[in-house]
$ cat input_30.txt   # compact mmCIF, C-alpha atoms
# COMPACT_ATOMS: atom_id res chain seq x y z
CA MET M 165 308.66 147.61 281.05
CA GLU M 166 311.72 148.84 279.18
CA LYS M 167 313.25 145.39 279.74
CA ARG M 168 310.42 143.94 277.66
CA GLY M 169 311.08 146.25 274.74
CA VAL M 170 308.19 148.57 275.53
CA MET M 171 309.43 152.11 275.59
CA PRO M 172 307.70 154.72 277.72
CA GLU M 173 306.12 157.73 276.06
CA PRO M 174 306.91 161.19 277.42
CA VAL M 175 304.07 162.85 279.30
CA THR M 176 303.32 166.30 280.67
CA LEU M 177 301.01 166.24 283.68
CA GLY M 178 298.53 168.98 284.40
CA LYS M 179 297.93 170.35 287.89
CA GLU M 180 294.97 168.01 288.52
CA ASP M 181 296.82 164.88 287.33
CA LEU M 182 299.87 165.84 289.41
CA GLY M 183 297.63 166.15 292.49
CA LYS M 184 296.12 162.72 291.84
CA LEU M 185 299.57 161.20 291.42
CA LYS M 186 300.77 162.72 294.72
CA GLY M 187 297.66 161.32 296.42
CA ILE M 188 298.36 157.84 295.07
CA LEU M 189 301.95 158.07 296.35
CA GLY M 190 300.76 159.40 299.70
CA ARG M 191 298.39 156.45 300.16
CA GLY M 192 301.23 154.03 299.43
CA GLU M 193 299.63 152.69 296.27
CA ILE M 194 302.83 153.24 294.27
CA THR M 195 306.50 153.34 295.13
CA GLU M 196 308.69 156.42 294.97
CA GLU M 197 310.32 154.86 291.88
CA ASP M 198 306.90 154.44 290.21
CA TYR M 199 306.07 158.05 291.12
CA GLU M 200 309.26 159.39 289.52
CA PHE M 201 308.59 157.34 286.39
CA LEU M 202 304.97 158.53 286.12
CA LEU M 203 306.03 162.17 286.44
CA ARG M 204 307.87 161.98 283.14
CA GLY M 205 306.46 159.04 281.17
CA ARG M 206 303.74 156.50 280.61
CA ILE M 207 303.25 153.17 278.86
CA GLU M 208 300.09 152.44 276.93
CA LEU M 209 298.64 149.08 277.92
CA ASN M 210 297.95 148.28 274.28
CA ALA M 211 301.73 148.36 273.73
CA LEU M 212 301.94 145.12 275.73
CA THR M 213 301.13 141.71 274.33
CA PRO M 214 298.19 140.00 276.03
CA THR M 215 300.60 137.64 277.80
CA GLU M 216 302.75 140.52 279.04
CA LEU M 217 299.70 142.42 280.26
CA LEU M 218 298.37 139.38 282.08
CA GLU M 219 301.74 138.68 283.72
CA TRP M 220 302.07 142.30 284.83
CA LEU M 221 298.52 142.41 286.15
CA GLU M 222 298.83 139.12 288.06
CA LYS M 223 302.13 140.26 289.59
CA ARG M 224 300.63 143.59 290.63
CA LEU M 225 297.53 141.95 292.15
CA GLU M 226 299.76 139.54 294.06
CA GLU M 227 301.87 142.45 295.38
CA LEU M 228 298.69 144.15 296.59
CA ASP M 229 297.40 140.87 298.06
CA LEU M 230 294.25 141.13 295.95
CA TRP M 231 292.43 138.15 294.54
CA LYS M 232 288.91 136.93 293.98
CA THR M 233 286.04 138.60 295.81
CA VAL M 234 284.89 136.64 298.82
CA PRO M 235 281.24 137.15 299.74
CA GLU M 236 279.92 137.79 303.23
CA GLN M 237 278.63 134.68 305.05
CA GLU M 238 274.96 135.64 304.59
CA GLU M 239 275.40 136.17 300.83
CA LEU M 240 277.30 132.88 300.47
CA ASP M 241 274.63 131.00 302.46
CA GLY M 242 271.85 132.53 300.36
CA CYS M 243 273.58 131.69 297.09
CA MET M 244 274.28 128.12 298.20
CA LYS M 245 270.67 127.64 299.39
CA GLU M 246 269.30 129.02 296.13
CA GLN M 247 271.50 126.70 294.06
CA MET M 248 270.67 123.69 296.22
CA ASP M 249 266.93 124.47 295.99
CA SER M 250 267.26 124.74 292.21
CA ASN M 251 269.12 121.42 292.01
CA LEU M 252 266.60 119.72 294.27
CA GLU M 253 263.68 121.08 292.23
CA TYR M 254 265.27 119.81 289.01
CA THR M 255 265.89 116.40 290.62
CA ARG M 256 262.31 116.30 291.93
CA LYS M 257 260.83 117.10 288.51
CA SER M 258 263.08 114.54 286.82
CA LEU M 259 262.14 111.87 289.34
CA VAL M 260 258.42 112.60 289.02
CA GLY M 261 258.73 112.39 285.24
CA GLU M 262 260.64 109.12 285.33
CA LEU M 263 258.29 107.51 287.86
CA THR M 264 255.19 108.71 285.99
CA GLU M 265 256.54 107.24 282.77
CA ALA M 266 257.39 103.96 284.53
CA PHE M 267 253.89 103.68 286.02
CA GLU M 268 252.25 104.56 282.71
CA ASP M 269 254.32 101.86 280.98
CA LYS M 270 253.52 99.31 283.69
CA LEU M 271 249.79 100.05 283.51
CA GLY M 272 249.82 100.27 279.72
CA LEU M 273 248.67 103.91 279.85
CA SER M 274 251.24 105.04 277.29
CA LYS M 275 249.75 102.59 274.78
CA ILE M 276 246.26 103.88 275.58
CA GLN M 277 247.44 107.49 275.19
CA ASP M 278 249.05 106.63 271.84
CA ALA M 279 245.81 104.96 270.68
CA LEU M 280 243.75 107.96 271.84
CA GLY M 281 246.09 110.27 269.96
CA ARG M 282 245.64 108.27 266.77
CA ILE M 283 241.85 108.22 267.26
CA ARG M 284 241.79 111.98 267.87
CA GLY M 285 243.87 112.53 264.72
CA THR M 286 241.51 110.41 262.65
CA ILE M 287 238.44 112.22 264.04
CA GLU M 288 240.02 115.63 263.36
CA GLU M 289 240.84 114.63 259.79
CA LYS M 290 237.27 113.43 259.13
CA ILE M 291 235.68 116.51 260.68
CA ASP M 292 238.04 118.81 258.77
CA ALA M 293 237.26 117.02 255.48
CA GLU M 294 233.51 117.25 256.14
CA ILE M 295 233.67 120.95 257.00
CA SER M 296 235.82 121.64 253.94
CA ARG M 297 233.31 119.79 251.73
CA HIS M 298 230.43 121.88 253.10
CA MET M 299 232.41 125.11 252.73
CA GLU M 300 232.69 124.50 248.98
CA ASP M 301 228.88 124.84 248.75
CA ILE M 302 228.64 128.04 250.78
CA GLU M 303 227.36 131.10 248.97
CA TYR M 304 228.99 134.09 250.53
CA PRO M 305 226.73 137.09 251.04
CA THR M 306 227.94 140.30 249.53
CA LYS M 307 227.63 143.89 250.56
CA ASN M 308 226.33 146.40 248.06
CA VAL M 309 229.11 148.88 247.24
CA GLU M 310 226.83 151.90 247.58
CA GLU M 311 225.57 150.71 250.96
CA PHE M 312 229.18 149.94 252.00
CA ASN M 313 230.23 153.41 250.86
CA LYS M 314 227.49 154.92 253.04
CA LEU M 315 228.72 152.94 256.07
CA LEU M 316 232.29 153.97 255.31
CA ARG M 317 231.31 157.66 255.28
CA GLU M 318 229.71 157.18 258.72
CA ASP M 319 232.95 155.62 259.99
CA MET M 320 235.62 157.93 258.53
CA GLU M 321 238.29 156.81 261.02
CA ASN M 322 238.52 153.24 259.70
CA TYR M 323 240.26 152.07 256.55
CA TRP M 324 237.76 150.34 254.22
CA ALA M 325 239.34 146.88 254.75
CA VAL M 326 238.85 147.19 258.52
CA LEU M 327 235.16 148.00 258.04
CA ALA M 328 234.81 145.09 255.60
CA GLU M 329 236.34 142.72 258.18
CA GLU M 330 233.93 143.97 260.85
CA ILE M 331 230.90 143.48 258.58
CA ALA M 332 232.07 139.99 257.52
CA THR M 333 232.56 138.99 261.16
CA LEU M 334 229.03 140.15 262.01
CA MET M 335 227.63 138.25 259.01
CA VAL M 336 229.34 135.00 260.05
CA ALA M 337 228.28 135.37 263.68
CA GLY M 338 224.76 136.50 262.75
$ encode --input "input_30.txt" --output "structure tokens"
Amino acid sequence: MEKRGVMPEPVTLGKEDLGKLKGILGRGEITEEDYEFLLRGRIELNALTPTELLEWLEKRLEELDLWKTVPEQEELDGCMKEQMDSNLEYTRKSLVGELTEAFEDKLGLSKIQDALGRIRGTIEEKIDAEISRHMEDIEYPTKNVEEFNKLLREDMENYWAVLAEEIATLMVAG
């Protein structure tokens, strides 16, 4: 690391950290040289540029013969089956959609559906206009304030607007 211009920082290890470091050395996870270095210094990873960190990490993984995780056969088979089923389902749905559209076009059903849609729209517009015209003539019943106040006192848990909505709903349904 010093070759790259990154200077180690001095470090004082506690008893627990020293024990961990000896364990790492004992398991062969670091060299004697690394051990001696780590006894007296450290290098913060954020002192490295991203490229330097990546190079160091790739080199270290290669030294340890570590690379991507390889699943067990059963997990790989399950994953592959799931993906293939998903792809087949998507293909099936696409094919059904395409064939349905082709048959509808051949039989002229899409034109009939378009015509029915336009007819439905026209009917809805006429019905809506007729209902709106009749609603203009509606005289809405009212509730006497004193009578409403009496009902409100009987139902102290509800806010007055909630009670008014309930009464209006009953009047419309009634």
$ residues_around --input "input_30.txt" --residues "Tyr304 in chain M" --least-positions-apart "2" --cutoff "12 Å" --atoms "only C-alpha atoms" --output "short mmCIF file (atom, residue, chain, number, x, y, z; two decimals) with C-alpha atoms, in the frame of the given file"
data_model
loop_
_atom_site.label_atom_id
_atom_site.label_comp_id
_atom_site.auth_asym_id
_atom_site.auth_seq_id
_atom_site.Cartn_x
_atom_site.Cartn_y
_atom_site.Cartn_z
CA MET M 299 232.41 125.11 252.73
CA GLU M 300 232.69 124.50 248.98
CA ASP M 301 228.88 124.84 248.75
CA ILE M 302 228.64 128.04 250.78
CA THR M 306 227.94 140.30 249.53
CA LYS M 307 227.63 143.89 250.56
CA ALA M 332 232.07 139.99 257.52
CA MET M 335 227.63 138.25 259.01
CA VAL M 336 229.34 135.00 260.05
#
$ atom_distance --input "input_30.txt" --atom1 "CA of Glu265 in chain M" --atom2 "CA of Met248 in chain M"
25.5 Å
$ closest_residue --input "input_30.txt" --among "M:Arg204, M:Gly192, M:Leu259, M:Trp231" --to "Leu177 in chain M" --atoms "only C-alpha atoms"
M:Arg204
$ residues_around --input "input_30.txt" --residues "Val309 in chain M" --least-positions-apart "5" --cutoff "12 Å" --atoms "only C-alpha atoms" --output "PyMOL selection string"
chain M and resi 314-316+324+328
$ atom_distance --input "input_30.txt" --atom1 "CA of Pro174 in chain M" --atom2 "CA of Arg206 in chain M"
6.5 Å
$ atom_distance --input "input_30.txt" --atom1 "CA of Asp198 in chain M" --atom2 "CA of Met171 in chain M"
15.0 Å
$ residues_around --input "input_30.txt" --residues "Leu202 in chain M" --least-positions-apart "4" --cutoff "12 Å" --atoms "all atoms listed in the file" --output "PyMOL selection string"
chain M and resi 172-177+181-182+184-186+188-189+194-198+206-207
$ write_last_selection --input "input_30.txt" --atoms "C-alpha atoms" --output "mmCIF file, keeping the file's coordinate frame"
data_model
loop_
_atom_site.group_PDB
_atom_site.id
_atom_site.type_symbol
_atom_site.label_atom_id
_atom_site.label_comp_id
_atom_site.auth_asym_id
_atom_site.auth_seq_id
_atom_site.Cartn_x
_atom_site.Cartn_y
_atom_site.Cartn_z
ATOM 1 C CA PRO M 172 307.700 154.720 277.720
ATOM 2 C CA GLU M 173 306.120 157.730 276.060
ATOM 3 C CA PRO M 174 306.910 161.190 277.420
ATOM 4 C CA VAL M 175 304.070 162.850 279.300
ATOM 5 C CA THR M 176 303.320 166.300 280.670
ATOM 6 C CA LEU M 177 301.010 166.240 283.680
ATOM 7 C CA ASP M 181 296.820 164.880 287.330
ATOM 8 C CA LEU M 182 299.870 165.840 289.410
ATOM 9 C CA LYS M 184 296.120 162.720 291.840
ATOM 10 C CA LEU M 185 299.570 161.200 291.420
ATOM 11 C CA LYS M 186 300.770 162.720 294.720
ATOM 12 C CA ILE M 188 298.360 157.840 295.070
ATOM 13 C CA LEU M 189 301.950 158.070 296.350
ATOM 14 C CA ILE M 194 302.830 153.240 294.270
ATOM 15 C CA THR M 195 306.500 153.340 295.130
ATOM 16 C CA GLU M 196 308.690 156.420 294.970
ATOM 17 C CA GLU M 197 310.320 154.860 291.880
ATOM 18 C CA ASP M 198 306.900 154.440 290.210
ATOM 19 C CA ARG M 206 303.740 156.500 280.610
ATOM 20 C CA ILE M 207 303.250 153.170 278.860
#
$ axis_aligned_box --input "input_30.txt" --around "range 278-281 of chain M" --padding-each-side "5 Å" --output "AutoDock Vina command-line options"
--center_x 246.4 --center_y 107.6 --center_z 270.9 --size_x 15.3 --size_y 15.3 --size_z 11.9
$ closest_residue --input "input_30.txt" --among "M:Phe312, M:Asp319, M:Thr255, M:Ser274" --to "Ile331 in chain M" --atoms "all atoms listed in the file"
M:Phe312
$ decode --input "input_30.txt" --residues "range 173-323 of chain M" --atoms "C-alpha atoms" --output "short mmCIF file (atom, residue, chain, number, x, y, z; two decimals), in the first residue's frame"
data_model
loop_
_atom_site.label_atom_id
_atom_site.label_comp_id
_atom_site.auth_asym_id
_atom_site.auth_seq_id
_atom_site.Cartn_x
_atom_site.Cartn_y
_atom_site.Cartn_z
CA GLU M 173 -1.76 4.87 10.34
CA PRO M 174 -0.27 3.77 13.65
CA VAL M 175 -2.51 1.53 15.74
CA THR M 176 -2.52 0.18 19.28
CA LEU M 177 -4.32 -3.14 19.60
CA GLY M 178 -6.23 -4.14 22.69
CA LYS M 179 -6.08 -7.63 24.16
CA GLU M 180 -9.22 -8.78 22.30
CA ASP M 181 -8.05 -7.43 18.92
CA LEU M 182 -4.61 -8.99 19.42
CA GLY M 183 -6.29 -12.36 20.11
CA LYS M 184 -8.36 -12.05 16.93
CA LEU M 185 -5.29 -11.17 14.90
CA LYS M 186 -3.38 -14.20 16.26
CA GLY M 187 -6.37 -16.40 15.36
CA ILE M 188 -6.40 -15.07 11.80
CA LEU M 189 -2.66 -15.79 11.50
CA GLY M 190 -3.11 -19.24 13.03
CA ARG M 191 -5.80 -20.14 10.47
CA GLY M 192 -3.49 -19.07 7.65
CA GLU M 193 -5.74 -16.23 6.53
CA ILE M 194 -2.84 -13.76 6.57
CA THR M 195 0.90 -14.06 6.12
CA GLU M 196 3.47 -13.46 8.84
CA GLU M 197 4.35 -10.22 7.03
CA ASP M 198 0.70 -9.10 7.11
CA TYR M 199 0.55 -10.00 10.81
CA GLU M 200 3.63 -7.89 11.64
CA PHE M 201 2.19 -4.97 9.68
CA LEU M 202 -1.22 -5.21 11.40
CA LEU M 203 0.40 -5.25 14.84
CA ARG M 204 1.67 -1.71 14.35
CA GLY M 205 -0.44 -0.08 11.63
CA ARG M 206 -3.57 -0.02 9.52
CA ILE M 207 -4.80 1.53 6.29
CA GLU M 208 -8.29 2.94 6.02
CA LEU M 209 -10.06 1.63 2.94
CA ASN M 210 -11.40 5.10 2.20
CA ALA M 211 -7.79 6.21 1.71
CA LEU M 212 -7.75 4.16 -1.50
CA THR M 213 -9.26 5.31 -4.76
CA PRO M 214 -12.13 3.13 -6.00
CA THR M 215 -9.85 1.67 -8.67
CA GLU M 216 -7.13 0.86 -6.14
CA LEU M 217 -9.64 -0.74 -3.79
CA LEU M 218 -11.11 -2.84 -6.58
CA GLU M 219 -7.67 -3.97 -7.76
CA TRP M 220 -6.64 -4.90 -4.22
CA LEU M 221 -9.89 -6.74 -3.56
CA GLU M 222 -9.78 -8.69 -6.85
CA LYS M 223 -6.15 -9.67 -6.20
CA ARG M 224 -6.96 -10.81 -2.67
CA LEU M 225 -10.00 -12.84 -3.81
CA GLU M 226 -7.89 -14.46 -6.51
CA GLU M 227 -5.20 -15.35 -3.94
CA LEU M 228 -7.86 -16.97 -1.76
CA ASP M 229 -9.38 -18.73 -4.80
CA LEU M 230 -12.74 -17.10 -4.09
CA TRP M 231 -15.18 -16.08 -6.78
CA LYS M 232 -18.89 -16.11 -7.45
CA THR M 233 -21.16 -18.29 -5.36
CA VAL M 234 -22.11 -21.50 -7.09
CA PRO M 235 -25.46 -22.94 -6.02
CA GLU M 236 -26.12 -26.57 -5.16
CA GLN M 237 -27.55 -28.66 -8.02
CA GLU M 238 -31.07 -28.73 -6.52
CA GLU M 239 -31.15 -24.93 -6.10
CA LEU M 240 -29.83 -24.39 -9.64
CA ASP M 241 -32.41 -26.82 -11.09
CA GLY M 242 -35.22 -25.11 -9.17
CA CYS M 243 -34.15 -21.65 -10.30
CA MET M 244 -33.83 -22.76 -13.92
CA LYS M 245 -37.25 -24.50 -13.84
CA GLU M 246 -38.88 -21.43 -12.30
CA GLN M 247 -37.39 -19.13 -14.95
CA MET M 248 -38.31 -21.50 -17.77
CA ASP M 249 -41.89 -21.80 -16.44
CA SER M 250 -42.10 -18.01 -16.26
CA ASN M 251 -40.81 -17.63 -19.82
CA LEU M 252 -43.17 -20.31 -21.10
CA GLU M 253 -46.14 -18.69 -19.34
CA TYR M 254 -45.27 -15.31 -20.86
CA THR M 255 -44.91 -16.92 -24.31
CA ARG M 256 -48.23 -18.75 -23.86
CA LYS M 257 -50.08 -15.57 -22.88
CA SER M 258 -48.53 -13.64 -25.77
CA LEU M 259 -49.44 -16.36 -28.24
CA VAL M 260 -53.02 -16.58 -26.96
CA GLY M 261 -53.34 -12.81 -27.25
CA GLU M 262 -51.94 -12.71 -30.77
CA LEU M 263 -54.08 -15.62 -31.98
CA THR M 264 -57.22 -14.20 -30.35
CA GLU M 265 -56.61 -10.86 -32.03
CA ALA M 266 -56.00 -12.58 -35.39
CA PHE M 267 -59.23 -14.59 -35.12
CA GLU M 268 -61.21 -11.54 -34.04
CA ASP M 269 -59.85 -9.61 -37.03
CA LYS M 270 -60.59 -12.49 -39.41
CA LEU M 271 -64.15 -12.85 -38.12
CA GLY M 272 -64.68 -9.09 -37.94
CA LEU M 273 -65.24 -9.27 -34.17
CA SER M 274 -62.96 -6.32 -33.47
CA LYS M 275 -65.16 -4.14 -35.69
CA ILE M 276 -68.26 -5.42 -33.88
CA GLN M 277 -66.63 -4.74 -30.50
CA ASP M 278 -65.70 -1.21 -31.61
CA ALA M 279 -69.29 -0.61 -32.79
CA LEU M 280 -70.69 -1.96 -29.51
CA GLY M 281 -68.34 0.32 -27.59
CA ARG M 282 -69.57 3.34 -29.53
CA ILE M 283 -73.20 2.28 -29.01
CA ARG M 284 -72.61 1.79 -25.27
CA GLY M 285 -70.98 5.23 -25.07
CA THR M 286 -73.93 6.86 -26.83
CA ILE M 287 -76.44 5.08 -24.57
CA GLU M 288 -74.49 6.10 -21.44
CA GLU M 289 -74.39 9.73 -22.59
CA LYS M 290 -78.16 9.80 -23.24
CA ILE M 291 -79.02 8.13 -19.94
CA ASP M 292 -76.66 10.44 -18.04
CA ALA M 293 -78.20 13.52 -19.73
CA GLU M 294 -81.73 12.31 -18.93
CA ILE M 295 -80.90 11.60 -15.29
CA SER M 296 -79.16 14.98 -14.97
CA ARG M 297 -82.23 16.72 -16.43
CA HIS M 298 -84.52 15.00 -13.92
CA MET M 299 -82.16 15.77 -11.03
CA GLU M 300 -82.56 19.49 -11.71
CA ASP M 301 -86.26 19.17 -10.80
CA ILE M 302 -85.72 17.23 -7.58
CA GLU M 303 -86.80 18.92 -4.39
CA TYR M 304 -84.52 17.72 -1.66
CA PRO M 305 -86.21 16.98 1.66
CA THR M 306 -84.79 18.76 4.63
CA LYS M 307 -84.40 17.81 8.23
CA ASN M 308 -85.69 20.17 10.89
CA VAL M 309 -82.73 21.48 12.92
CA GLU M 310 -84.46 20.90 16.25
CA GLU M 311 -85.35 17.33 15.29
CA PHE M 312 -81.78 16.82 13.99
CA ASN M 313 -80.41 18.22 17.26
CA LYS M 314 -82.54 15.70 19.18
CA LEU M 315 -81.16 12.82 17.07
CA LEU M 316 -77.63 14.15 17.54
CA ARG M 317 -78.06 14.15 21.34
CA GLU M 318 -79.16 10.50 21.14
CA ASP M 319 -76.03 9.68 19.12
CA MET M 320 -73.30 11.60 20.98
CA GLU M 321 -70.48 9.51 19.50
CA ASN M 322 -70.98 10.73 15.93
CA TYR M 323 -69.94 14.06 14.48
#
